[in-house]
$ cat upload-v6.cif   # mmCIF, C-alpha atoms
data_coords
#
loop_
_atom_site.label_atom_id
_atom_site.label_comp_id
_atom_site.auth_asym_id
_atom_site.auth_seq_id
_atom_site.Cartn_x
_atom_site.Cartn_y
_atom_site.Cartn_z
CA MET A 1109 139.13 50.81 140.02
CA ALA A 1110 136.23 49.31 138.10
CA GLU A 1111 135.99 50.49 134.51
CA SER A 1112 132.23 51.11 134.79
CA ASN A 1113 132.74 53.47 137.75
CA SER A 1114 135.53 55.37 136.01
CA ILE A 1115 135.15 58.86 134.65
CA HIS A 1116 137.24 59.12 131.49
CA MET A 1117 139.01 62.41 130.96
CA SER A 1118 142.02 63.92 129.28
CA GLU A 1119 145.15 64.92 131.14
CA GLU A 1120 144.14 68.56 130.60
CA GLY A 1121 140.65 67.92 131.99
CA TYR A 1122 142.08 66.16 135.03
CA GLU A 1123 144.52 69.01 135.74
CA LYS A 1124 141.72 71.57 135.36
CA LEU A 1125 139.57 69.74 137.92
CA LYS A 1126 142.54 69.57 140.30
CA ALA A 1127 143.12 73.32 139.90
CA ASP A 1128 139.42 74.06 140.45
CA LEU A 1129 139.44 71.92 143.61
CA HIS A 1130 142.59 73.63 144.90
CA LYS A 1131 141.02 77.07 144.37
CA LEU A 1132 137.82 76.07 146.15
CA LYS A 1133 139.66 74.56 149.13
CA PHE A 1134 142.42 77.11 149.59
CA VAL A 1135 140.93 80.37 148.27
CA GLU A 1136 137.14 80.24 148.26
CA ARG A 1137 136.60 78.21 151.44
CA PRO A 1138 138.81 80.45 153.64
CA ARG A 1139 137.23 83.56 152.08
CA ILE A 1140 133.71 82.41 152.92
CA VAL A 1141 134.72 81.35 156.45
CA ALA A 1142 136.03 84.90 156.98
CA GLU A 1143 132.75 86.33 155.63
CA ILE A 1144 130.75 84.16 158.03
CA LYS A 1145 132.92 85.27 160.95
CA LYS A 1146 132.48 88.93 159.98
CA ALA A 1147 128.71 88.52 159.52
CA ARG A 1148 128.40 86.93 162.99
CA GLU A 1149 129.79 90.12 164.45
CA PHE A 1150 126.71 92.01 163.23
CA GLY A 1151 124.68 90.38 165.99
CA ASP A 1152 121.27 88.66 165.82
CA LEU A 1153 121.76 85.78 163.33
CA SER A 1154 118.02 85.25 162.78
CA GLU A 1155 117.76 88.55 160.90
CA ASN A 1156 121.29 88.75 159.55
CA ALA A 1157 121.11 88.64 155.73
CA GLU A 1158 124.89 88.71 155.32
CA TYR A 1159 125.27 85.69 157.57
CA HIS A 1160 122.59 83.68 155.75
CA ALA A 1161 124.03 84.58 152.34
CA ALA A 1162 127.51 83.55 153.46
CA LYS A 1163 126.22 80.25 154.90
CA GLU A 1164 124.42 79.53 151.62
CA ALA A 1165 127.62 80.27 149.68
CA GLN A 1166 129.52 77.97 152.04
CA THR A 1167 127.05 75.15 151.34
CA HIS A 1168 127.52 75.67 147.60
CA ILE A 1169 131.33 75.62 147.92
CA GLU A 1170 131.31 72.47 150.06
CA ARG A 1171 129.00 70.74 147.56
CA SER A 1172 131.32 71.71 144.70
CA ILE A 1173 134.35 70.43 146.61
CA ALA A 1174 132.63 67.09 147.24
CA GLU A 1175 131.65 66.79 143.57
CA LEU A 1176 135.17 67.50 142.34
CA GLU A 1177 136.70 65.09 144.85
CA PHE A 1178 134.24 62.42 143.68
CA LYS A 1179 135.16 62.96 140.02
CA LEU A 1180 138.90 63.02 140.70
CA SER A 1181 138.71 59.85 142.80
CA ARG A 1182 137.14 58.03 139.84
CA ALA A 1183 139.16 59.68 137.09
CA LEU A 1184 140.69 57.48 134.45
CA VAL A 1185 143.07 59.66 132.48
CA VAL A 1186 143.08 58.71 128.83
CA LYS A 1187 146.14 59.79 126.90
CA LYS A 1188 145.30 60.98 123.42
CA ASP A 1189 148.08 58.81 121.97
CA ASP A 1190 146.38 55.69 123.36
CA VAL A 1191 143.08 56.30 121.54
CA VAL A 1192 142.12 54.11 118.57
CA LYS A 1193 143.00 55.85 115.30
CA GLY A 1194 140.68 55.93 112.29
CA LYS A 1195 137.47 55.54 114.26
CA ALA A 1196 135.31 58.03 116.10
CA TYR A 1197 136.22 57.50 119.73
CA LEU A 1198 137.14 59.66 122.69
CA PHE A 1199 139.26 62.68 121.65
CA ALA A 1200 138.75 62.07 117.93
CA LYS A 1201 138.20 65.17 115.81
CA VAL A 1202 135.44 64.19 113.39
CA THR A 1203 134.61 66.10 110.22
CA LEU A 1204 131.07 65.58 108.96
CA VAL A 1205 129.05 66.79 106.01
CA ASP A 1206 125.31 67.25 106.46
CA VAL A 1207 123.76 65.07 103.75
CA ASP A 1208 120.78 67.43 103.36
CA ASP A 1209 122.52 70.80 103.00
CA ASP A 1210 126.23 69.99 102.40
CA GLU A 1211 127.24 72.03 105.48
CA GLU A 1212 130.45 70.87 107.12
CA GLU A 1213 130.65 70.35 110.88
CA ILE A 1214 133.73 69.50 112.90
CA TYR A 1215 133.35 68.02 116.38
CA THR A 1216 135.84 66.75 118.92
CA LEU A 1217 134.46 63.90 121.03
CA VAL A 1218 135.21 64.42 124.70
CA PRO A 1219 134.08 63.10 128.10
CA ALA A 1220 130.93 64.74 129.47
CA GLU A 1221 132.98 66.69 132.04
CA GLU A 1222 134.97 68.35 129.25
CA SER A 1223 132.20 69.19 126.81
CA ASP A 1224 132.14 72.75 125.51
CA PRO A 1225 129.65 73.31 122.67
CA ASP A 1226 131.14 76.76 121.96
CA LYS A 1227 134.38 75.01 120.93
CA ASN A 1228 132.54 72.12 119.22
CA HIS A 1229 133.76 69.77 121.94
CA ILE A 1230 130.80 67.44 122.33
CA SER A 1231 130.24 64.80 124.93
CA VAL A 1232 130.38 61.16 123.91
CA LYS A 1233 127.18 60.87 125.95
CA SER A 1234 125.31 63.45 123.84
CA PRO A 1235 123.04 62.23 121.02
CA ILE A 1236 125.55 63.28 118.34
CA GLY A 1237 128.49 61.88 120.30
CA GLN A 1238 126.70 58.56 120.81
CA GLY A 1239 125.74 58.43 117.13
CA LEU A 1240 129.35 58.91 116.03
CA LEU A 1241 131.09 56.49 118.41
CA GLY A 1242 132.81 53.64 116.61
CA LYS A 1243 132.09 54.99 113.12
CA GLU A 1244 134.67 55.36 110.34
CA VAL A 1245 135.38 57.68 107.43
CA GLY A 1246 132.76 57.13 104.71
CA ASP A 1247 130.04 56.02 107.12
CA VAL A 1248 126.69 57.77 106.87
CA VAL A 1249 125.03 58.18 110.25
CA GLU A 1250 121.50 59.14 111.20
CA ILE A 1251 121.28 60.70 114.62
CA LYS A 1252 118.05 61.38 116.42
CA VAL A 1253 118.11 64.71 118.26
CA PRO A 1254 115.29 66.67 119.89
CA ALA A 1255 114.86 68.75 116.71
CA GLY A 1256 114.53 65.67 114.47
CA VAL A 1257 116.97 63.40 112.68
CA LEU A 1258 120.36 64.56 111.45
CA LYS A 1259 122.07 62.70 108.61
CA TYR A 1260 125.82 63.08 108.25
CA LYS A 1261 128.57 61.54 106.19
CA ILE A 1262 131.90 61.22 108.00
CA THR A 1263 134.64 62.67 105.78
CA LYS A 1264 137.63 62.80 108.11
CA ILE A 1265 138.74 61.55 111.54
CA GLU A 1266 141.85 62.86 113.26
#

$ encode --input "upload-v6.cif" --output "C-alpha cells"
Amino acid sequence: MAESNSIHMSEEGYEKLKADLHKLKFVERPRIVAEIKKAREFGDLSENAEYHAAKEAQTHIERSIAELEFKLSRALVVKKDDVVKGKAYLFAKVTLVDVDDDEEEIYTLVPAEESDPDKNHISVKSPIGQGLLGKEVGDVVEIKVPAGVLKYKITKIE
C-alpha cells in the first residue's frame, strides 16, 4: 500500500468505520430493500412516492457503503504509542496560549476522518492542524484562518 494513498487513522477510528459499514450492510440495506418491496406492492411506480423515497435512500446507503469500503481499504492504522513524542503530530494533544488574549486552547490532532470540533479534535488537514504539525513546546505559530491570523504559543504537548 503506497503511503500517499493511505488514510491514517487510529485503531478506534478504524473500528468505528468497520462498525458503521457493518450496520449499513446488515441492518440498513436489508431494511431499505424491504421498504422497496413493500412500496412496489402499492402499484403504479411512476406515481409512487414511497417507492421513489425508498430508492433514493437505497442510493444514499450504497454510496455510503462504497465510501466506507474505500476508506477501510486504504486505512493505515497508526498506534498512538508509535507517534513521535514532544512534537505536534498525529494524535498529539497540544496546549496553546493565544498570544493576543492569553486564552488557553487544547487541541488533539487527528486524521480528517476523525475530526470532531465539539471535542477539540481537529484535523491535521485543517488550517490550525497544518500550522501546528511538527512544532514543539515553546514555538510561537502564526496560523492563517478565514477570520484572520491566529498567533499561539505552544505550552504543552502530550

$ closest_residue --input "upload-v6.cif" --among "A:Val1249, A:His1116, A:Ile1144, A:Pro1225" --to "A:Glu1164" --atoms "all atoms listed in the file"
A:Ile1144

$ resolve_selection --input "upload-v6.cif" --expression "the PyMOL selection byres ((chain A and resi 1265) around 7)" --output "ChimeraX atom specification"
/A:1194-1196,1200-1203,1245,1264,1266

$ closest_residue --input "upload-v6.cif" --among "A:Leu1258, A:Ile1230, A:Leu1129, A:Ala1162" --to "A:Lys1145" --atoms "only C-alpha atoms"
A:Ala1162

$ atom_distance --input "upload-v6.cif" --atom1 "atom CA of A:Ile1173" --atom2 "atom CA of A:Ala1147"
22.9 Å

$ atom_distance --input "upload-v6.cif" --atom1 "atom CA of A:Asp1226" --atom2 "atom CA of A:Glu1212"
16.0 Å

$ resolve_selection --input "upload-v6.cif" --expression "the PyMOL selection byres ((chain A and resi 1231) around 7)" --output "list in words"
Leu1217, Val1218, Pro1219, Ala1220, Ser1223, His1229, Ile1230, Val1232, Lys1233, Ser1234 and Gly1237 of chain A

$ closest_residue --input "upload-v6.cif" --among "A:Val1191, A:Ile1169, A:Leu1240, A:Ala1161" --to "A:Leu1132" --atoms "all atoms listed in the file"
A:Ile1169

$ closest_residue --input "upload-v6.cif" --among "A:Leu1176, A:Leu1241, A:Val1192, A:Leu1184" --to "A:His1130" --atoms "all atoms listed in the file"
A:Leu1176

$ atom_distance --input "upload-v6.cif" --atom1 "atom CA of A:Ala1183" --atom2 "atom CA of A:Ile1115"
4.8 Å

$ resolve_selection --input "upload-v6.cif" --expression "the PyMOL selection byres ((chain A and resi 1166) around 10)" --output "list in words"
Glu1136, Arg1137, Pro1138, Arg1139, Ile1140, Val1141, Glu1143, Ile1144, His1160, Ala1161, Ala1162, Lys1163, Glu1164, Ala1165, Thr1167, His1168, Ile1169, Glu1170, Arg1171 and Ser1172 of chain A

$ residues_around --input "upload-v6.cif" --residues "A:Asp1190" --least-positions-apart "3" --cutoff "12 Å" --atoms "all atoms listed in the file" --output "PyMOL selection string"
chain A and resi 1118+1185-1187+1193+1197-1200

$ closest_residue --input "upload-v6.cif" --among "A:Tyr1159, A:Lys1179, A:Glu1222, A:Tyr1215" --to "A:Gly1121" --atoms "all atoms listed in the file"
A:Glu1222
